[in-house]
Amino acid sequence: MKKAIITGVTGQDGSFLAEFLLEKGYEVHGIVRRASTENFERIAHLEGKITLHQADLLDQLSLIDVFKEVRPTEVYNLAAMSFVPTSWKQPVLTGEFTAIGVTRVLEAIRLLDPKGIRFYQASSSEMFGKVVETPQREITPFYPRSPYGVAKVYGHYITVNYRESYDMFCCSGILFNHESERRGKEFVTRKVTDGVARIKLGLEKELRLGNLDAKRDWGYAKDYVRAMWMMLQQDRPEDYVIATGETHTVRELVETAFAYVGLDWTKHVVLDPAFIRPAEVDLLVGDCSKARKQLGWKPEVDFPSLVRLMVDADIKLLRQGMR
């Protein structure tokens with residue numbers, strides 16, 4: 001039986017990946033940070049099916065201890081300070097988790113079993129930032145526009161460095177925006193679908209947003225964790241862009257969500273400068289032709305279906321809370 005360790009298992013991607021690997025017959029282990037208030041909401045339904053271990057990307061020895069105990073065949077590093085706006089408020093901590101934290105995981109693998117453990121690093125489209133070509137592909141130069149993006153570039157290149165220096169099986173998935181009903185409400189997609197649900201149910205009257213012209217390549221997170229696994233099943237470790245190849249503005253997201261519930265978005269959306277980033281990423285759209293060709297991967301959920309899925313989930317969640 002294959003054994004997998006997932007850092008960031010309590011997050012959106014971690015919970016979907018844990019489900020996916022269980023379906024594949026894996027023994028799944030998750031790394032969680034010790035906290036006075038623990039948030040296991042996304043993996044509560046997996047209790048008894050996965051094993052959780054306390055460790056921290058800031059603590060090298062804790063990672064080594066868990067890896068020694070589990071002896072994994074695959075490690076998926078999904079843990080990070082992942083909310084981009086917060087990275088300006090906590091740039092040093094973002095660097096410790098999202099950049100140096102990757103090195104600590106790689107070092108644990110190198111010390112214990114550099115030839116036997118396959119490693120996946122969650123890279124990000126935010127690394128492209130102020131894009132120098134459109135669409136973006138694996139060889140597009142990086143130009144990050146946030147401390148988060150800068151930290152992700154470090155994490156990406158240290159993964160490449162360990163692959164080339166120690167002949168380790170290390171892959172990076174350069175994932176473009178991927179959303180779901182499990183996305184945190186601080187992210188614009190979930191903020192919109194939750195806001196639409198609240199307005200539809202009469203719980204709120206307005207939705208405050210920032211830059212409606214920002215463009216993103218949005219896909220469904222469940223599709224994207226499948227690509228992570230595919231990368232680690234290949235004969236050779238390589239890096240892949242994972243995206244839909246379509247771009248949509250925040251305005252289109254808003255229009256689609258409000259129209260789905262029969263509301264006019266212009267009567268409810270309020271533009272608030274507080275939500276404008278210090279340095280904006282204006283256009284991200286990925287070219288996933290390499291992943292399509294070499295992995296046989298393609299997204300299955302399109303943009304309108306994703307928005308409808310998320311709105312339906314938020315309406316259901318709010319109705320349950322109203323009972």
# chains A, B, ... in the order shown; residues from 1 in each chain; ligands from 1

$ select_by_dssp --residues "segment 211-315 of chain A" --states "alpha helix (DSSP H)" --output "ChimeraX atom specification"
/A:221-231,250-260,289-290,303-315

$ write_last_selection --atoms "N, CA, C and O atoms" --output "short mmCIF file (atom, residue, chain, number, x, y, z; two decimals), in the first residue's frame"
data_model
loop_
_atom_site.label_atom_id
_atom_site.label_comp_id
_atom_site.auth_asym_id
_atom_site.auth_seq_id
_atom_site.Cartn_x
_atom_site.Cartn_y
_atom_site.Cartn_z
N ALA A 221 -11.17 22.98 -7.86
CA ALA A 221 -10.08 22.39 -7.08
C ALA A 221 -10.03 20.87 -7.18
O ALA A 221 -8.96 20.27 -7.19
N LYS A 222 -11.18 20.25 -7.26
CA LYS A 222 -11.23 18.78 -7.33
C LYS A 222 -10.53 18.27 -8.59
O LYS A 222 -9.91 17.21 -8.58
N ASP A 223 -10.65 19.01 -9.68
CA ASP A 223 -9.93 18.66 -10.92
C ASP A 223 -8.43 18.80 -10.73
O ASP A 223 -7.64 18.01 -11.27
N TYR A 224 -8.01 19.80 -9.96
CA TYR A 224 -6.59 20.14 -9.87
C TYR A 224 -5.81 19.18 -8.97
O TYR A 224 -4.63 18.92 -9.21
N VAL A 225 -6.45 18.63 -7.92
CA VAL A 225 -5.73 17.66 -7.08
C VAL A 225 -5.46 16.37 -7.85
O VAL A 225 -4.47 15.67 -7.59
N ARG A 226 -6.31 16.07 -8.81
CA ARG A 226 -6.07 14.90 -9.66
C ARG A 226 -4.77 15.07 -10.44
O ARG A 226 -4.00 14.11 -10.62
N ALA A 227 -4.50 16.30 -10.89
CA ALA A 227 -3.27 16.58 -11.63
C ALA A 227 -2.04 16.42 -10.73
O ALA A 227 -0.99 15.95 -11.18
N MET A 228 -2.16 16.80 -9.45
CA MET A 228 -1.04 16.63 -8.52
C MET A 228 -0.60 15.18 -8.47
O MET A 228 0.59 14.86 -8.56
N TRP A 229 -1.57 14.30 -8.30
CA TRP A 229 -1.28 12.87 -8.21
C TRP A 229 -0.68 12.36 -9.52
O TRP A 229 0.29 11.59 -9.50
N MET A 230 -1.23 12.80 -10.64
CA MET A 230 -0.72 12.36 -11.95
C MET A 230 0.76 12.67 -12.13
O MET A 230 1.52 11.89 -12.69
N MET A 231 1.18 13.83 -11.64
CA MET A 231 2.58 14.24 -11.78
C MET A 231 3.53 13.25 -11.11
O MET A 231 4.61 12.97 -11.61
N VAL A 250 -13.38 39.51 -12.52
CA VAL A 250 -14.19 39.46 -11.31
C VAL A 250 -15.61 39.91 -11.62
O VAL A 250 -16.58 39.39 -11.06
N ARG A 251 -15.73 40.86 -12.53
CA ARG A 251 -17.07 41.33 -12.94
C ARG A 251 -17.90 40.19 -13.54
O ARG A 251 -19.09 40.04 -13.23
N GLU A 252 -17.28 39.35 -14.38
CA GLU A 252 -17.99 38.19 -14.95
C GLU A 252 -18.40 37.22 -13.86
O GLU A 252 -19.49 36.63 -13.91
N LEU A 253 -17.52 37.03 -12.89
CA LEU A 253 -17.84 36.16 -11.75
C LEU A 253 -19.09 36.68 -11.04
O LEU A 253 -20.01 35.91 -10.73
N VAL A 254 -19.10 37.97 -10.78
CA VAL A 254 -20.23 38.60 -10.09
C VAL A 254 -21.51 38.48 -10.92
O VAL A 254 -22.57 38.10 -10.42
N GLU A 255 -21.41 38.81 -12.20
CA GLU A 255 -22.58 38.73 -13.09
C GLU A 255 -23.15 37.32 -13.13
O GLU A 255 -24.38 37.13 -13.05
N THR A 256 -22.29 36.33 -13.27
CA THR A 256 -22.72 34.94 -13.37
C THR A 256 -23.42 34.48 -12.09
O THR A 256 -24.47 33.83 -12.15
N ALA A 257 -22.84 34.82 -10.94
CA ALA A 257 -23.40 34.39 -9.66
C ALA A 257 -24.75 35.05 -9.38
O ALA A 257 -25.71 34.37 -8.98
N PHE A 258 -24.84 36.36 -9.59
CA PHE A 258 -26.11 37.06 -9.34
C PHE A 258 -27.20 36.63 -10.33
O PHE A 258 -28.36 36.44 -9.95
N ALA A 259 -26.82 36.48 -11.59
CA ALA A 259 -27.80 36.07 -12.60
C ALA A 259 -28.36 34.69 -12.30
O ALA A 259 -29.54 34.41 -12.55
N TYR A 260 -27.54 33.81 -11.74
CA TYR A 260 -27.97 32.45 -11.43
C TYR A 260 -29.13 32.43 -10.44
O TYR A 260 -30.02 31.56 -10.52
N SER A 289 -1.12 22.92 -22.07
CA SER A 289 -0.98 21.94 -23.15
C SER A 289 0.01 20.83 -22.79
O SER A 289 -0.17 19.67 -23.20
N LYS A 290 1.05 21.15 -22.02
CA LYS A 290 2.01 20.11 -21.61
C LYS A 290 1.32 19.08 -20.72
O LYS A 290 1.52 17.86 -20.89
N PHE A 303 -16.30 27.13 -16.04
CA PHE A 303 -16.49 28.29 -15.17
C PHE A 303 -17.95 28.49 -14.72
O PHE A 303 -18.19 28.62 -13.51
N PRO A 304 -18.94 28.51 -15.61
CA PRO A 304 -20.32 28.69 -15.14
C PRO A 304 -20.76 27.59 -14.18
O PRO A 304 -21.45 27.87 -13.19
N SER A 305 -20.36 26.35 -14.46
CA SER A 305 -20.73 25.24 -13.58
C SER A 305 -20.10 25.40 -12.20
O SER A 305 -20.72 25.10 -11.18
N LEU A 306 -18.86 25.88 -12.17
CA LEU A 306 -18.17 26.11 -10.90
C LEU A 306 -18.90 27.15 -10.07
O LEU A 306 -19.13 26.95 -8.87
N VAL A 307 -19.28 28.25 -10.70
CA VAL A 307 -19.97 29.33 -9.98
C VAL A 307 -21.31 28.82 -9.44
O VAL A 307 -21.66 29.05 -8.27
N ARG A 308 -22.06 28.11 -10.27
CA ARG A 308 -23.35 27.58 -9.84
C ARG A 308 -23.19 26.60 -8.69
O ARG A 308 -23.96 26.62 -7.71
N LEU A 309 -22.19 25.75 -8.79
CA LEU A 309 -21.92 24.75 -7.74
C LEU A 309 -21.66 25.45 -6.41
O LEU A 309 -22.18 25.03 -5.36
N MET A 310 -20.86 26.52 -6.46
CA MET A 310 -20.50 27.22 -5.22
C MET A 310 -21.68 27.99 -4.65
O MET A 310 -21.88 28.03 -3.42
N VAL A 311 -22.48 28.62 -5.50
CA VAL A 311 -23.67 29.35 -5.02
C VAL A 311 -24.65 28.38 -4.38
O VAL A 311 -25.18 28.63 -3.28
N ASP A 312 -24.90 27.25 -5.02
CA ASP A 312 -25.81 26.24 -4.47
C ASP A 312 -25.34 25.76 -3.11
O ASP A 312 -26.13 25.62 -2.17
N ALA A 313 -24.04 25.52 -2.98
CA ALA A 313 -23.48 25.03 -1.71
C ALA A 313 -23.64 26.08 -0.61
O ALA A 313 -23.96 25.74 0.54
N ASP A 314 -23.43 27.36 -0.95
CA ASP A 314 -23.55 28.41 0.07
C ASP A 314 -25.00 28.63 0.48
O ASP A 314 -25.29 28.87 1.66
N ILE A 315 -25.91 28.55 -0.46
CA ILE A 315 -27.34 28.67 -0.11
C ILE A 315 -27.75 27.52 0.82
O ILE A 315 -28.43 27.72 1.83
#

$ residues_around --residues "segment 155-157 of chain A" --least-positions-apart "6" --cutoff "6 Å" --atoms "only C-alpha atoms" --output "ChimeraX atom specification"
/A:99,102,123

$ write_last_selection --atoms "N, CA, C and O atoms" --output "PDB file, in the first residue's frame"
ATOM      1  N   ALA A  99       8.254  29.836   1.659  1.00  0.00           N
ATOM      2  CA  ALA A  99       9.550  29.678   0.990  1.00  0.00           C
ATOM      3  C   ALA A  99      10.439  28.708   1.758  1.00  0.00           C
ATOM      4  O   ALA A  99      10.666  27.574   1.331  1.00  0.00           O
ATOM      5  N   VAL A 102       9.410  25.054   2.464  1.00  0.00           N
ATOM      6  CA  VAL A 102       9.603  24.057   1.396  1.00  0.00           C
ATOM      7  C   VAL A 102      10.974  23.399   1.550  1.00  0.00           C
ATOM      8  O   VAL A 102      11.120  22.178   1.404  1.00  0.00           O
ATOM      9  N   SER A 123       3.186  24.993  -6.454  1.00  0.00           N
ATOM     10  CA  SER A 123       3.551  26.310  -6.969  1.00  0.00           C
ATOM     11  C   SER A 123       2.285  27.050  -7.397  1.00  0.00           C
ATOM     12  O   SER A 123       1.192  26.482  -7.373  1.00  0.00           O
TER      13      SER A 123
END

$ closest_atom_pairs --of "segment 162-263 of chain A" --to "segment 127-148 of chain A" --cutoff "8 Å" --atoms "only C-alpha atoms" --output "Markdown table"
| residue | atom | partner | partner_atom | distance |
| --- | --- | --- | --- | --- |
| A:Ile174 | CA | A:Glu138 | CA | 7.8 |
| A:Asp239 | CA | A:Glu138 | CA | 7.0 |
| A:Tyr240 | CA | A:Glu138 | CA | 6.2 |
| A:Val241 | CA | A:Glu138 | CA | 5.9 |
| A:Gly245 | CA | A:Pro135 | CA | 7.6 |

$ write_last_selection --atoms "all heavy atoms" --output "short mmCIF file (atom, residue, chain, number, x, y, z; two decimals), in the first residue's frame"
data_model
loop_
_atom_site.label_atom_id
_atom_site.label_comp_id
_atom_site.auth_asym_id
_atom_site.auth_seq_id
_atom_site.Cartn_x
_atom_site.Cartn_y
_atom_site.Cartn_z
N ILE A 174 2.33 24.22 -11.22
CA ILE A 174 2.06 25.66 -11.23
C ILE A 174 0.56 25.82 -11.45
O ILE A 174 0.07 25.89 -12.58
CB ILE A 174 2.87 26.37 -12.33
CG1 ILE A 174 4.38 26.04 -12.19
CG2 ILE A 174 2.66 27.88 -12.26
CD1 ILE A 174 5.23 26.56 -13.33
N ASP A 239 7.86 19.78 -14.16
CA ASP A 239 6.92 20.79 -13.67
C ASP A 239 5.83 21.03 -14.71
O ASP A 239 6.10 20.98 -15.92
CB ASP A 239 7.66 22.09 -13.36
CG ASP A 239 8.80 21.88 -12.39
OD1 ASP A 239 8.65 21.04 -11.47
OD2 ASP A 239 9.86 22.53 -12.54
N TYR A 240 4.62 21.31 -14.24
CA TYR A 240 3.48 21.46 -15.14
C TYR A 240 2.60 22.64 -14.75
O TYR A 240 2.33 22.84 -13.56
CB TYR A 240 2.61 20.20 -15.12
CG TYR A 240 3.30 18.94 -15.57
CD1 TYR A 240 4.02 18.16 -14.67
CD2 TYR A 240 3.22 18.51 -16.89
CE1 TYR A 240 4.65 16.99 -15.06
CE2 TYR A 240 3.85 17.33 -17.31
CZ TYR A 240 4.56 16.58 -16.39
OH TYR A 240 5.20 15.42 -16.80
N VAL A 241 2.15 23.39 -15.74
CA VAL A 241 1.09 24.38 -15.55
C VAL A 241 -0.25 23.65 -15.56
O VAL A 241 -0.52 22.85 -16.46
CB VAL A 241 1.12 25.45 -16.66
CG1 VAL A 241 -0.19 26.24 -16.70
CG2 VAL A 241 2.29 26.40 -16.45
N GLY A 245 -7.14 27.51 -19.20
CA GLY A 245 -6.86 28.20 -20.47
C GLY A 245 -7.87 29.27 -20.79
O GLY A 245 -7.80 29.91 -21.84
#

$ closest_residue --among "A:Lys152, A:Lys205, A:His53, A:Lys68" --to "Ile100 of chain A" --atoms "only C-alpha atoms"
A:Lys152

$ closest_residue --among "A:Phe176, A:Tyr26, A:Phe275, A:Phe187" --to "Asn211 of chain A" --atoms "only C-alpha atoms"
A:Phe275

$ closest_residue --among "A:Ala44, A:Leu283, A:Val269, A:Ile158" --to "Trp218 of chain A" --atoms "only C-alpha atoms"
A:Leu283

$ closest_residue --among "A:Ile64, A:Leu203, A:Ala274, A:Leu58" --to "Ala80 of chain A" --atoms "only C-alpha atoms"
A:Leu58

$ atom_distance --atom1 "atom CA of Lys3 of chain A" --atom2 "atom CA of Glu164 of chain A"
24.5 Å

$ closest_residue --among "A:Asp235, A:Glu179, A:Glu23, A:Glu126" --to "Pro85 of chain A" --atoms "only C-alpha atoms"
A:Glu126

$ atom_distance --atom1 "atom CA of Val270 of chain A" --atom2 "atom CA of Gly210 of chain A"
8.5 Å

$ residues_around --residues "segment 110-112 of chain A" --least-positions-apart "2" --cutoff "9 Å" --atoms "only C-alpha atoms" --output "VMD selection string"
chain A and resid 64 67 to 68 71 105 to 108 114 to 115 117 162 166 168

$ select_by_dssp --residues "segment 76-217 of chain A" --states "strand (DSSP E)" --output "PDB file with N, CA, C and O atoms, in the first residue's frame"
ATOM      1  N   TYR A  76       3.079  15.486  -0.412  1.00  0.00           N
ATOM      2  CA  TYR A  76       2.438  16.601  -1.111  1.00  0.00           C
ATOM      3  C   TYR A  76       2.513  17.823  -0.203  1.00  0.00           C
ATOM      4  O   TYR A  76       1.878  17.857   0.862  1.00  0.00           O
ATOM      5  N   ASN A  77       3.292  18.826  -0.599  1.00  0.00           N
ATOM      6  CA  ASN A  77       3.441  20.031   0.225  1.00  0.00           C
ATOM      7  C   ASN A  77       2.446  21.101  -0.221  1.00  0.00           C
ATOM      8  O   ASN A  77       2.704  21.874  -1.140  1.00  0.00           O
ATOM      9  N   ARG A 118       8.673  10.442  -3.398  1.00  0.00           N
ATOM     10  CA  ARG A 118       8.354  11.388  -4.466  1.00  0.00           C
ATOM     11  C   ARG A 118       7.683  12.617  -3.845  1.00  0.00           C
ATOM     12  O   ARG A 118       6.808  12.476  -2.979  1.00  0.00           O
ATOM     13  N   PHE A 119       8.071  13.798  -4.330  1.00  0.00           N
ATOM     14  CA  PHE A 119       7.657  15.056  -3.702  1.00  0.00           C
ATOM     15  C   PHE A 119       6.906  15.949  -4.678  1.00  0.00           C
ATOM     16  O   PHE A 119       7.335  16.157  -5.818  1.00  0.00           O
ATOM     17  N   TYR A 120       5.779  16.483  -4.205  1.00  0.00           N
ATOM     18  CA  TYR A 120       5.005  17.461  -4.982  1.00  0.00           C
ATOM     19  C   TYR A 120       5.000  18.800  -4.258  1.00  0.00           C
ATOM     20  O   TYR A 120       4.658  18.878  -3.070  1.00  0.00           O
ATOM     21  N   GLN A 121       5.371  19.858  -4.980  1.00  0.00           N
ATOM     22  CA  GLN A 121       5.330  21.211  -4.450  1.00  0.00           C
ATOM     23  C   GLN A 121       4.212  22.009  -5.111  1.00  0.00           C
ATOM     24  O   GLN A 121       4.099  22.038  -6.341  1.00  0.00           O
ATOM     25  N   ALA A 122       3.390  22.654  -4.285  1.00  0.00           N
ATOM     26  CA  ALA A 122       2.295  23.469  -4.806  1.00  0.00           C
ATOM     27  C   ALA A 122       2.818  24.849  -5.191  1.00  0.00           C
ATOM     28  O   ALA A 122       2.908  25.749  -4.359  1.00  0.00           O
ATOM     29  N   SER A 123       3.186  24.993  -6.454  1.00  0.00           N
ATOM     30  CA  SER A 123       3.551  26.310  -6.969  1.00  0.00           C
ATOM     31  C   SER A 123       2.285  27.050  -7.397  1.00  0.00           C
ATOM     32  O   SER A 123       1.192  26.482  -7.373  1.00  0.00           O
ATOM     33  N   SER A 124       2.437  28.307  -7.801  1.00  0.00           N
ATOM     34  CA  SER A 124       1.254  29.147  -7.997  1.00  0.00           C
ATOM     35  C   SER A 124       1.378  30.058  -9.210  1.00  0.00           C
ATOM     36  O   SER A 124       2.470  30.533  -9.535  1.00  0.00           O
ATOM     37  N   PHE A 169      13.057  12.821  -6.915  1.00  0.00           N
ATOM     38  CA  PHE A 169      11.841  12.934  -7.726  1.00  0.00           C
ATOM     39  C   PHE A 169      10.996  14.058  -7.135  1.00  0.00           C
ATOM     40  O   PHE A 169      10.197  13.852  -6.221  1.00  0.00           O
ATOM     41  N   CYS A 170      11.196  15.265  -7.654  1.00  0.00           N
ATOM     42  CA  CYS A 170      10.512  16.464  -7.155  1.00  0.00           C
ATOM     43  C   CYS A 170       9.789  17.155  -8.302  1.00  0.00           C
ATOM     44  O   CYS A 170      10.411  17.487  -9.310  1.00  0.00           O
ATOM     45  N   CYS A 171       8.498  17.379  -8.136  1.00  0.00           N
ATOM     46  CA  CYS A 171       7.683  18.058  -9.154  1.00  0.00           C
ATOM     47  C   CYS A 171       7.042  19.301  -8.559  1.00  0.00           C
ATOM     48  O   CYS A 171       6.710  19.335  -7.375  1.00  0.00           O
ATOM     49  N   SER A 172       6.837  20.294  -9.407  1.00  0.00           N
ATOM     50  CA  SER A 172       6.031  21.456  -9.022  1.00  0.00           C
ATOM     51  C   SER A 172       4.839  21.559  -9.963  1.00  0.00           C
ATOM     52  O   SER A 172       4.998  21.482 -11.185  1.00  0.00           O
ATOM     53  N   GLY A 173       3.681  21.752  -9.385  1.00  0.00           N
ATOM     54  CA  GLY A 173       2.495  22.040 -10.176  1.00  0.00           C
ATOM     55  C   GLY A 173       2.215  23.526 -10.090  1.00  0.00           C
ATOM     56  O   GLY A 173       1.952  24.049  -8.997  1.00  0.00           O
ATOM     57  N   ILE A 174       2.333  24.222 -11.220  1.00  0.00           N
ATOM     58  CA  ILE A 174       2.060  25.661 -11.230  1.00  0.00           C
ATOM     59  C   ILE A 174       0.555  25.818 -11.448  1.00  0.00           C
ATOM     60  O   ILE A 174       0.071  25.891 -12.576  1.00  0.00           O
ATOM     61  N   LEU A 175      -0.161  25.823 -10.350  1.00  0.00           N
ATOM     62  CA  LEU A 175      -1.620  25.809 -10.406  1.00  0.00           C
ATOM     63  C   LEU A 175      -2.183  27.224 -10.492  1.00  0.00           C
ATOM     64  O   LEU A 175      -1.832  28.096  -9.689  1.00  0.00           O
ATOM     65  N   HIS A 178      -7.844  27.902  -8.395  1.00  0.00           N
ATOM     66  CA  HIS A 178      -8.778  26.780  -8.347  1.00  0.00           C
ATOM     67  C   HIS A 178      -9.643  26.926  -7.100  1.00  0.00           C
ATOM     68  O   HIS A 178      -9.144  27.122  -6.006  1.00  0.00           O
ATOM     69  N   GLU A 179     -10.921  26.854  -7.306  1.00  0.00           N
ATOM     70  CA  GLU A 179     -11.902  27.216  -6.292  1.00  0.00           C
ATOM     71  C   GLU A 179     -12.846  26.048  -6.023  1.00  0.00           C
ATOM     72  O   GLU A 179     -12.874  25.070  -6.749  1.00  0.00           O
ATOM     73  N   LEU A 207     -22.778  43.730  -1.273  1.00  0.00           N
ATOM     74  CA  LEU A 207     -21.531  42.970  -1.327  1.00  0.00           C
ATOM     75  C   LEU A 207     -20.427  43.946  -1.709  1.00  0.00           C
ATOM     76  O   LEU A 207     -20.472  44.567  -2.768  1.00  0.00           O
ATOM     77  N   ARG A 208     -19.432  44.089  -0.838  1.00  0.00           N
ATOM     78  CA  ARG A 208     -18.352  45.051  -1.054  1.00  0.00           C
ATOM     79  C   ARG A 208     -17.153  44.352  -1.688  1.00  0.00           C
ATOM     80  O   ARG A 208     -16.645  43.365  -1.157  1.00  0.00           O
ATOM     81  N   LEU A 209     -16.697  44.891  -2.838  1.00  0.00           N
ATOM     82  CA  LEU A 209     -15.599  44.290  -3.590  1.00  0.00           C
ATOM     83  C   LEU A 209     -14.603  45.353  -4.033  1.00  0.00           C
ATOM     84  O   LEU A 209     -14.895  46.546  -4.003  1.00  0.00           O
ATOM     85  N   LYS A 215      -8.397  39.906 -13.927  1.00  0.00           N
ATOM     86  CA  LYS A 215      -8.733  38.697 -14.681  1.00  0.00           C
ATOM     87  C   LYS A 215      -8.003  37.492 -14.109  1.00  0.00           C
ATOM     88  O   LYS A 215      -6.834  37.567 -13.768  1.00  0.00           O
ATOM     89  N   ARG A 216      -8.724  36.370 -14.046  1.00  0.00           N
ATOM     90  CA  ARG A 216      -8.146  35.144 -13.523  1.00  0.00           C
ATOM     91  C   ARG A 216      -8.590  33.949 -14.369  1.00  0.00           C
ATOM     92  O   ARG A 216      -9.607  33.988 -15.052  1.00  0.00           O
TER      93      ARG A 216
END

$ closest_residue --among "A:Phe40, A:Asp13, A:Ala291, A:Ala151" --to "Leu93 of chain A" --atoms "only C-alpha atoms"
A:Ala151

$ atom_distance --atom1 "atom CA of Ala243 of chain A" --atom2 "atom CA of Asp213 of chain A"
19.7 Å
